[in-house]
Structure formats: C-alpha cells, structure tokens
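Quick look at entry_32.cif (mmCIF, N, CA and C atoms):
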data_model
#
loop_
_atom_site.label_atom_id
_atom_site.label_comp_id
_atom_site.auth_asym_id
_atom_site.auth_seq_id
_atom_site.Cartn_x
_atom_site.Cartn_y
_atom_site.Cartn_z
N MET A 27 -22.43 120.60 -33.94
CA MET A 27 -21.56 121.21 -34.92
C MET A 27 -21.35 120.23 -36.07
N ASN A 28 -21.42 120.72 -37.30
CA ASN A 28 -21.30 119.89 -38.49
C ASN A 28 -19.92 120.08 -39.11
N ASN A 29 -19.10 119.02 -39.12
CA ASN A 29 -17.73 119.09 -39.64
C ASN A 29 -17.59 118.46 -41.01
N GLU A 30 -18.69 118.28 -41.72
CA GLU A 30 -18.62 117.66 -43.04
C GLU A 30 -17.93 118.57 -44.04
N GLN A 31 -17.13 117.96 -44.89
CA GLN A 31 -16.44 118.70 -45.95
C GLN A 31 -17.42 118.99 -47.08
N THR A 32 -17.25 120.12 -47.71
CA THR A 32 -18.06 120.45 -48.87
C THR A 32 -17.47 119.75 -50.09
N MET A 33 -18.31 119.04 -50.82
CA MET A 33 -17.87 118.34 -52.03
C MET A 33 -17.81 119.34 -53.17
N THR A 34 -16.77 119.24 -53.97
CA THR A 34 -16.65 120.10 -55.14
C THR A 34 -16.48 119.22 -56.38
N PHE A 35 -16.85 119.77 -57.50
CA PHE A 35 -16.63 119.07 -58.76
C PHE A 35 -16.41 120.11 -59.84
N SER A 36 -15.80 119.65 -60.91
CA SER A 36 -15.53 120.52 -62.03
C SER A 36 -16.19 119.95 -63.27
N VAL A 37 -17.07 120.71 -63.86
CA VAL A 37 -17.72 120.27 -65.09
C VAL A 37 -16.66 120.07 -66.17
N TYR A 38 -15.64 120.93 -66.19
CA TYR A 38 -14.59 120.82 -67.18
C TYR A 38 -13.84 119.49 -67.04
N GLU A 39 -13.50 119.12 -65.80
CA GLU A 39 -12.79 117.86 -65.58
C GLU A 39 -13.65 116.67 -65.96
N ASP A 40 -14.94 116.74 -65.66
CA ASP A 40 -15.85 115.67 -66.05
C ASP A 40 -15.93 115.56 -67.57
N ARG A 41 -16.02 116.69 -68.22
CA ARG A 41 -16.12 116.71 -69.69
C ARG A 41 -14.82 116.19 -70.31
N GLU A 42 -13.69 116.58 -69.74
CA GLU A 42 -12.41 116.11 -70.25
C GLU A 42 -12.27 114.60 -70.08
N ALA A 43 -12.72 114.07 -68.97
CA ALA A 43 -12.67 112.62 -68.74
C ALA A 43 -13.56 111.88 -69.75
N GLU A 44 -14.73 112.44 -70.02
CA GLU A 44 -15.64 111.84 -71.02
C GLU A 44 -15.02 111.89 -72.41
N LEU A 45 -14.39 113.00 -72.73
CA LEU A 45 -13.72 113.16 -74.02
C LEU A 45 -12.61 112.12 -74.17
N LYS A 46 -11.82 111.94 -73.13
CA LYS A 46 -10.73 110.96 -73.17
C LYS A 46 -11.28 109.54 -73.33
N LYS A 47 -12.34 109.24 -72.60
CA LYS A 47 -12.95 107.91 -72.69
C LYS A 47 -13.44 107.64 -74.12
N ASN A 48 -14.15 108.60 -74.70
CA ASN A 48 -14.68 108.42 -76.05
C ASN A 48 -13.57 108.34 -77.09
N LEU A 49 -12.55 109.18 -76.96
CA LEU A 49 -11.45 109.15 -77.91
C LEU A 49 -10.69 107.82 -77.82
N THR A 50 -10.56 107.28 -76.62
CA THR A 50 -9.93 105.98 -76.44
C THR A 50 -10.75 104.88 -77.09
N LEU A 51 -12.07 104.94 -76.96
CA LEU A 51 -12.93 103.95 -77.60
C LEU A 51 -12.81 104.02 -79.12
N ILE A 52 -12.76 105.24 -79.65
CA ILE A 52 -12.60 105.44 -81.09
C ILE A 52 -11.25 104.90 -81.54
N TYR A 53 -10.20 105.23 -80.82
CA TYR A 53 -8.85 104.74 -81.12
C TYR A 53 -8.83 103.21 -81.15
N ASP A 54 -9.40 102.59 -80.12
CA ASP A 54 -9.41 101.13 -80.03
C ASP A 54 -10.18 100.50 -81.19
N ALA A 55 -11.31 101.09 -81.56
CA ALA A 55 -12.11 100.56 -82.67
C ALA A 55 -11.33 100.63 -83.98
N LEU A 56 -10.66 101.74 -84.20
CA LEU A 56 -9.86 101.90 -85.42
C LEU A 56 -8.71 100.88 -85.45
N ARG A 57 -8.04 100.72 -84.31
CA ARG A 57 -6.93 99.77 -84.24
C ARG A 57 -7.42 98.34 -84.47
N GLU A 58 -8.55 97.98 -83.85
CA GLU A 58 -9.10 96.63 -84.01
C GLU A 58 -9.48 96.33 -85.46
N LYS A 59 -9.87 97.35 -86.20
CA LYS A 59 -10.24 97.15 -87.60
C LYS A 59 -9.03 97.23 -88.54
N GLY A 60 -7.84 97.44 -87.99
CA GLY A 60 -6.63 97.43 -88.79
C GLY A 60 -6.19 98.77 -89.35
N TYR A 61 -6.83 99.85 -88.92
CA TYR A 61 -6.45 101.19 -89.37
C TYR A 61 -5.33 101.74 -88.50
N ASN A 62 -4.65 102.76 -89.00
CA ASN A 62 -3.71 103.52 -88.18
C ASN A 62 -4.55 104.58 -87.46
N PRO A 63 -4.83 104.37 -86.17
CA PRO A 63 -5.77 105.26 -85.46
C PRO A 63 -5.35 106.72 -85.43
N ILE A 64 -4.06 106.97 -85.28
CA ILE A 64 -3.59 108.36 -85.23
C ILE A 64 -3.87 109.06 -86.55
N ASN A 65 -3.51 108.43 -87.65
CA ASN A 65 -3.75 109.04 -88.96
C ASN A 65 -5.24 109.27 -89.21
N GLN A 66 -6.06 108.32 -88.83
CA GLN A 66 -7.50 108.44 -89.06
C GLN A 66 -8.11 109.57 -88.21
N ILE A 67 -7.70 109.65 -86.97
CA ILE A 67 -8.23 110.70 -86.08
C ILE A 67 -7.76 112.07 -86.55
N VAL A 68 -6.50 112.18 -86.95
CA VAL A 68 -6.00 113.45 -87.48
C VAL A 68 -6.76 113.83 -88.75
N GLY A 69 -7.00 112.86 -89.62
CA GLY A 69 -7.78 113.12 -90.82
C GLY A 69 -9.16 113.65 -90.48
N TYR A 70 -9.78 113.07 -89.48
CA TYR A 70 -11.10 113.55 -89.05
C TYR A 70 -11.01 114.97 -88.49
N ILE A 71 -10.03 115.22 -87.64
CA ILE A 71 -9.90 116.55 -87.02
C ILE A 71 -9.70 117.61 -88.11
N LEU A 72 -8.86 117.33 -89.08
CA LEU A 72 -8.57 118.31 -90.12
C LEU A 72 -9.75 118.55 -91.07
N SER A 73 -10.50 117.50 -91.37
CA SER A 73 -11.54 117.61 -92.39
C SER A 73 -12.96 117.66 -91.83
N GLU A 74 -13.13 117.18 -90.62
CA GLU A 74 -14.45 116.98 -89.99
C GLU A 74 -15.31 116.00 -90.80
N ASP A 75 -14.65 115.15 -91.56
CA ASP A 75 -15.33 114.13 -92.35
C ASP A 75 -15.40 112.85 -91.53
N PRO A 76 -16.59 112.46 -91.08
CA PRO A 76 -16.71 111.29 -90.20
C PRO A 76 -16.35 109.97 -90.87
N THR A 77 -16.20 109.95 -92.20
CA THR A 77 -15.84 108.69 -92.85
C THR A 77 -14.41 108.26 -92.54
N TYR A 78 -13.62 109.13 -91.93
CA TYR A 78 -12.29 108.73 -91.46
C TYR A 78 -12.40 107.77 -90.27
N ILE A 79 -13.55 107.72 -89.64
CA ILE A 79 -13.76 106.92 -88.45
C ILE A 79 -14.67 105.74 -88.78
N THR A 80 -14.28 104.56 -88.37
CA THR A 80 -15.05 103.35 -88.62
C THR A 80 -16.39 103.38 -87.87
N THR A 81 -17.35 102.66 -88.41
CA THR A 81 -18.63 102.51 -87.70
C THR A 81 -18.55 101.41 -86.65
N TYR A 82 -17.48 100.62 -86.70
CA TYR A 82 -17.27 99.52 -85.76
C TYR A 82 -17.34 100.03 -84.31
N ASN A 83 -18.06 99.28 -83.48
CA ASN A 83 -18.24 99.62 -82.05
C ASN A 83 -18.79 101.04 -81.84
N ASN A 84 -19.57 101.52 -82.80
CA ASN A 84 -20.24 102.82 -82.66
C ASN A 84 -19.26 104.01 -82.65
N ALA A 85 -18.05 103.80 -83.16
CA ALA A 85 -17.03 104.84 -83.10
C ALA A 85 -17.42 106.10 -83.87
N ARG A 86 -18.02 105.93 -85.04
CA ARG A 86 -18.39 107.10 -85.84
C ARG A 86 -19.45 107.94 -85.13
N SER A 87 -20.38 107.28 -84.50
CA SER A 87 -21.40 108.00 -83.73
C SER A 87 -20.77 108.76 -82.56
N LEU A 88 -19.81 108.13 -81.90
CA LEU A 88 -19.12 108.79 -80.78
C LEU A 88 -18.37 110.03 -81.24
N VAL A 89 -17.68 109.93 -82.38
CA VAL A 89 -16.88 111.06 -82.84
C VAL A 89 -17.76 112.25 -83.23
N ARG A 90 -18.98 111.98 -83.66
CA ARG A 90 -19.88 113.08 -84.03
C ARG A 90 -20.33 113.89 -82.82
N HIS A 91 -20.17 113.34 -81.63
CA HIS A 91 -20.55 114.05 -80.41
C HIS A 91 -19.38 114.79 -79.77
N ILE A 92 -18.23 114.75 -80.43
CA ILE A 92 -17.05 115.44 -79.91
C ILE A 92 -16.92 116.78 -80.61
N ASP A 93 -16.82 117.83 -79.82
CA ASP A 93 -16.59 119.17 -80.36
C ASP A 93 -15.11 119.29 -80.73
N ARG A 94 -14.81 119.53 -82.00
CA ARG A 94 -13.42 119.56 -82.45
C ARG A 94 -12.60 120.63 -81.75
N ASP A 95 -13.16 121.80 -81.52
CA ASP A 95 -12.43 122.86 -80.82
C ASP A 95 -12.05 122.42 -79.41
N GLU A 96 -13.01 121.80 -78.73
CA GLU A 96 -12.74 121.31 -77.38
C GLU A 96 -11.68 120.21 -77.41
N LEU A 97 -11.77 119.33 -78.40
CA LEU A 97 -10.79 118.26 -78.54
C LEU A 97 -9.39 118.84 -78.75
N LEU A 98 -9.26 119.78 -79.66
CA LEU A 98 -7.95 120.39 -79.92
C LEU A 98 -7.40 121.12 -78.70
N ARG A 99 -8.26 121.86 -78.00
CA ARG A 99 -7.84 122.54 -76.76
C ARG A 99 -7.31 121.54 -75.75
N THR A 100 -8.05 120.45 -75.57
CA THR A 100 -7.68 119.43 -74.60
C THR A 100 -6.37 118.74 -74.99
N LEU A 101 -6.23 118.41 -76.28
CA LEU A 101 -5.01 117.77 -76.75
C LEU A 101 -3.78 118.66 -76.55
N VAL A 102 -3.89 119.93 -76.92
CA VAL A 102 -2.77 120.85 -76.76
C VAL A 102 -2.45 121.04 -75.28
N LYS A 103 -3.47 121.21 -74.48
CA LYS A 103 -3.29 121.40 -73.03
C LYS A 103 -2.54 120.21 -72.43
N ASN A 104 -2.98 119.01 -72.77
CA ASN A 104 -2.36 117.82 -72.22
C ASN A 104 -0.96 117.57 -72.79
N TYR A 105 -0.76 117.90 -74.05
CA TYR A 105 0.55 117.74 -74.67
C TYR A 105 1.58 118.65 -74.01
N LEU A 106 1.16 119.87 -73.72
CA LEU A 106 2.07 120.83 -73.11
C LEU A 106 2.11 120.71 -71.58
N GLY A 107 1.22 119.92 -71.02
CA GLY A 107 1.19 119.76 -69.56
C GLY A 107 0.71 121.01 -68.85
N ALA A 108 -0.11 121.78 -69.55
CA ALA A 108 -0.59 123.06 -68.99
C ALA A 108 -1.83 122.86 -68.12
#

Turn this file's structure into structure tokens for me.
Amino acid sequence: MNNEQTMTFSVYEDREAELKKNLTLIYDALREKGYNPINQIVGYILSEDPTYITTYNNARSLVRHIDRDELLRTLVKNYLGA
C-alpha cells in the first residue's frame, strides 16, 4: 500500500512569488541609486515608461517582464488582504 501524499502547486503562487522577488530587486536598485523607489515605480505603472526605472542591477530589464495588470491585481489583493 502506498501512503505517499500527492504534491500540489499553484502556478499563480509561483508567479506571485516571482513578481514579488523582481519588484523587490527593482525597489532595491532604485533605492541604492538614490531615487524614491515608490514614486519611480508608481510613475512606471501609470505611464508604462521604463525610463522611470534605473538600468542599475538590470532593474529596467526586469520591469519590462512584469505585466502591469498582473502587478496591479497582486498589489490590490495584498493591500486588501484578499
């Protein structure tokens, strides 16, 4: 008899963890370069202009791989604790 548990995973949870990791890297890069990271990230979200994000530590390249709709959904979800 096999009593092994079935492993489960959520693609959404994996994607959300990757999004958080990348956003944290972008935040850190902006802070290290002396920018206000919140203002810069908000500017990017509102305009989709990648020049709001520094090229330092590959942050601009990372932000280009983030889907803004997914980012906004995740931010609102986490803010509201939903």

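The gap separating CA of Tyr82 in chain A from CA of Ala55 in chain A is 6.1 Å, in Å to one decimal.
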
Exercise for the section: Would you please work out which residue, of A:Tyr78, A:Gln31, A:Ile71, A:Gly60, is nearest to Arg94 in chain A when using only C-alpha atoms? Expected result: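 Result for the nearest residue to Arg94 in chain A: A:Ile71.
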
Practice task
Using only C-alpha atoms, find the one residue out of A:Leu72, A:Ala85, A:Leu45, A:Leu98 that sits nearest to Glu58 in chain A.
Solution key: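 Selected residue with least distance to Glu58 in chain A: A:Ala85.
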
Handout entry: Interatomic distance (Å, one decimal) between atom N of Ile92 in chain A and atom C of Tyr105 in chain A
Key = 21.2 Å

Please report, as an mmCIF file with N, CA and C atoms, in the coordinates of the input, each residue of range 50-85 of chain A to which DSSP assigns helix (DSSP H, G or I) when run on this structure's backbone.
data_model
loop_
_atom_site.group_PDB
_atom_site.id
_atom_site.type_symbol
_atom_site.label_atom_id
_atom_site.label_comp_id
_atom_site.auth_asym_id
_atom_site.auth_seq_id
_atom_site.Cartn_x
_atom_site.Cartn_y
_atom_site.Cartn_z
ATOM 1 N N THR A 50 -10.560 107.280 -76.620
ATOM 2 C CA THR A 50 -9.930 105.980 -76.440
ATOM 3 C C THR A 50 -10.750 104.880 -77.090
ATOM 4 N N LEU A 51 -12.070 104.940 -76.960
ATOM 5 C CA LEU A 51 -12.930 103.950 -77.600
ATOM 6 C C LEU A 51 -12.810 104.020 -79.120
ATOM 7 N N ILE A 52 -12.760 105.240 -79.650
ATOM 8 C CA ILE A 52 -12.600 105.440 -81.090
ATOM 9 C C ILE A 52 -11.250 104.900 -81.540
ATOM 10 N N TYR A 53 -10.200 105.230 -80.820
ATOM 11 C CA TYR A 53 -8.850 104.740 -81.120
ATOM 12 C C TYR A 53 -8.830 103.210 -81.150
ATOM 13 N N ASP A 54 -9.400 102.590 -80.120
ATOM 14 C CA ASP A 54 -9.410 101.130 -80.030
ATOM 15 C C ASP A 54 -10.180 100.500 -81.190
ATOM 16 N N ALA A 55 -11.310 101.090 -81.560
ATOM 17 C CA ALA A 55 -12.110 100.560 -82.670
ATOM 18 C C ALA A 55 -11.330 100.630 -83.980
ATOM 19 N N LEU A 56 -10.660 101.740 -84.200
ATOM 20 C CA LEU A 56 -9.860 101.900 -85.420
ATOM 21 C C LEU A 56 -8.710 100.880 -85.450
ATOM 22 N N ARG A 57 -8.040 100.720 -84.310
ATOM 23 C CA ARG A 57 -6.930 99.770 -84.240
ATOM 24 C C ARG A 57 -7.420 98.340 -84.470
ATOM 25 N N GLU A 58 -8.550 97.980 -83.850
ATOM 26 C CA GLU A 58 -9.100 96.630 -84.010
ATOM 27 C C GLU A 58 -9.480 96.330 -85.460
ATOM 28 N N PRO A 63 -4.830 104.370 -86.170
ATOM 29 C CA PRO A 63 -5.770 105.260 -85.460
ATOM 30 C C PRO A 63 -5.350 106.720 -85.430
ATOM 31 N N ILE A 64 -4.060 106.970 -85.280
ATOM 32 C CA ILE A 64 -3.590 108.360 -85.230
ATOM 33 C C ILE A 64 -3.870 109.060 -86.550
ATOM 34 N N ASN A 65 -3.510 108.430 -87.650
ATOM 35 C CA ASN A 65 -3.750 109.040 -88.960
ATOM 36 C C ASN A 65 -5.240 109.270 -89.210
ATOM 37 N N GLN A 66 -6.060 108.320 -88.830
ATOM 38 C CA GLN A 66 -7.500 108.440 -89.060
ATOM 39 C C GLN A 66 -8.110 109.570 -88.210
ATOM 40 N N ILE A 67 -7.700 109.650 -86.970
ATOM 41 C CA ILE A 67 -8.230 110.700 -86.080
ATOM 42 C C ILE A 67 -7.760 112.070 -86.550
ATOM 43 N N VAL A 68 -6.500 112.180 -86.950
ATOM 44 C CA VAL A 68 -6.000 113.450 -87.480
ATOM 45 C C VAL A 68 -6.760 113.830 -88.750
ATOM 46 N N GLY A 69 -7.000 112.860 -89.620
ATOM 47 C CA GLY A 69 -7.780 113.120 -90.820
ATOM 48 C C GLY A 69 -9.160 113.650 -90.480
ATOM 49 N N TYR A 70 -9.780 113.070 -89.480
ATOM 50 C CA TYR A 70 -11.100 113.550 -89.050
ATOM 51 C C TYR A 70 -11.010 114.970 -88.490
ATOM 52 N N ILE A 71 -10.030 115.220 -87.640
ATOM 53 C CA ILE A 71 -9.900 116.550 -87.020
ATOM 54 C C ILE A 71 -9.700 117.610 -88.110
ATOM 55 N N LEU A 72 -8.860 117.330 -89.080
ATOM 56 C CA LEU A 72 -8.570 118.310 -90.120
ATOM 57 C C LEU A 72 -9.750 118.550 -91.070
ATOM 58 N N SER A 73 -10.500 117.500 -91.370
ATOM 59 C CA SER A 73 -11.540 117.610 -92.390
ATOM 60 C C SER A 73 -12.960 117.660 -91.830
ATOM 61 N N PRO A 76 -16.590 112.460 -91.080
ATOM 62 C CA PRO A 76 -16.710 111.290 -90.200
ATOM 63 C C PRO A 76 -16.350 109.970 -90.870
ATOM 64 N N THR A 77 -16.200 109.950 -92.200
ATOM 65 C CA THR A 77 -15.840 108.690 -92.850
ATOM 66 C C THR A 77 -14.410 108.260 -92.540
ATOM 67 N N TYR A 78 -13.620 109.130 -91.930
ATOM 68 C CA TYR A 78 -12.290 108.730 -91.460
ATOM 69 C C TYR A 78 -12.400 107.770 -90.270
ATOM 70 N N TYR A 82 -17.480 100.620 -86.700
ATOM 71 C CA TYR A 82 -17.270 99.520 -85.760
ATOM 72 C C TYR A 82 -17.340 100.030 -84.310
ATOM 73 N N ASN A 83 -18.060 99.280 -83.480
ATOM 74 C CA ASN A 83 -18.240 99.620 -82.050
ATOM 75 C C ASN A 83 -18.790 101.040 -81.840
ATOM 76 N N ASN A 84 -19.570 101.520 -82.800
ATOM 77 C CA ASN A 84 -20.240 102.820 -82.660
ATOM 78 C C ASN A 84 -19.260 104.010 -82.650
ATOM 79 N N ALA A 85 -18.050 103.800 -83.160
ATOM 80 C CA ALA A 85 -17.030 104.840 -83.100
ATOM 81 C C ALA A 85 -17.420 106.100 -83.870
#

Problem - Residue among A:Lys103, A:Glu42, A:Ile79, A:Ala108 lying closest to Asn65 in chain A, counting only C-alpha atoms - result: A:Ile79

Completion exercise
Correct to one decimal, the distance atom N of Asp93 in chain A-atom C of Glu44 in chain A is 9.7 Å

Practice task
For each of A:Leu106, A:Arg41, A:Tyr61, A:Leu51, take the minimum atom-to-atom distance to Asn84 in chain A, counting only C-alpha atoms, then give the residue where this is smallest.
Solution key: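 Distance minimum relative to Asn84 in chain A lands on A:Leu51.
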